[in-house]
Each structure stands twice: as structure tokens, then as C-alpha cells.
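Read through the structure below, which is laid out as C-alpha cells, and then see the notes.
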Amino acid sequence: MAREGWYFCLKHQQVEPAAGCRAADRLGPYPDRATAEHALELAKERTDAADEADRRWAEED
């Protein structure tokens with residue numbers, strides 16, 4: 001399973017292996033189950049960082 005990665009299914013709100021729901025309904029792949037369990041937190045952190053970078057960029061004008 002490690003070669004295929006793990007995913008977080010947004011539809012079912014649970015971690016699943018590669019042979020799971022369709023790609024449009026999930027986040028990943030992640031290297032292991034534990035990381036996939038934190039997919040929503042990771043996505044929020046990445047979104048917050050991108051928003052901050054956009055804010056800083058806009059302030060440079």
C-alpha cells in the first residue's frame with residue numbers, strides 16, 4: 001500500500017487506500033495513513049500560507 005499512497009475522502013470524511021473513491025472526492029496521495037488523517041489540517045495550513053503570500057505580494061504594489 002505504501003507505493004500507492006493514502007488519501008483522505010472528502011465525501012466519507014475518512015482515510016482510504018489508493019483503491020477508494022474517485023479522485024475528485026479526495027485529497028492526496030499522502031506518504032502514510034497518519035499524514036492522510038491530517039489532510040484537512042494540512043490543506044488549511046497550505047491555504048493560509050498561500051493567502052499570506054498573496055497578501056504580501058499585493059502590498060508590494
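FYI, nothing fancy with the C-alpha cells labels: chains A, B, ... in order, residues from 1 per chain, ligands from 1 as they appear.
Close contacts of segment 14-18 of chain A, defined as residues with an atom at most 7 Å away when counting only C-alpha atoms, with chain neighbours fewer than 3 positions off set aside, comprise Met1, Glu4, Gly5, Trp6, Tyr7, Phe8, Cys9, Arg33, Ala36 and Glu37 of chain A.
All residues in chain A with a DSSP state of helix (DSSP H, G or I), computed from the backbone, read Ala23, Ala24, Asp25, Arg33, Ala34, Thr35, Ala36, Glu37, Ala39, Leu40, Glu41, Leu42, Ala43, Lys44, Glu45, Arg46, Thr47, Asp48, Ala49, Ala50, Asp51, Glu52, Ala53, Asp54, Arg55, Arg56, Trp57, Ala58 and Glu59 of chain A.
Taking atom CA of Leu10 of chain A as the reference point, atom CA of Arg26 of chain A is found at 5.2 Å.
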Name the residues of chain A that fall into strand (DSSP E) according to DSSP on the backbone, using the chain letters and numbers of this document, as a ChimeraX atom specification. /A:6-9,14-17,26-30
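If you measure from each of A:Arg55, A:Ala43, A:Glu60, A:Lys11 to Ala23 of chain A using only C-alpha atoms, the closest one turns out to be A:Lys11.
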12 Å contact set for Leu42 of chain A, only C-alpha atoms, chain neighbours under 6 positions out, as a count of residues only: 9
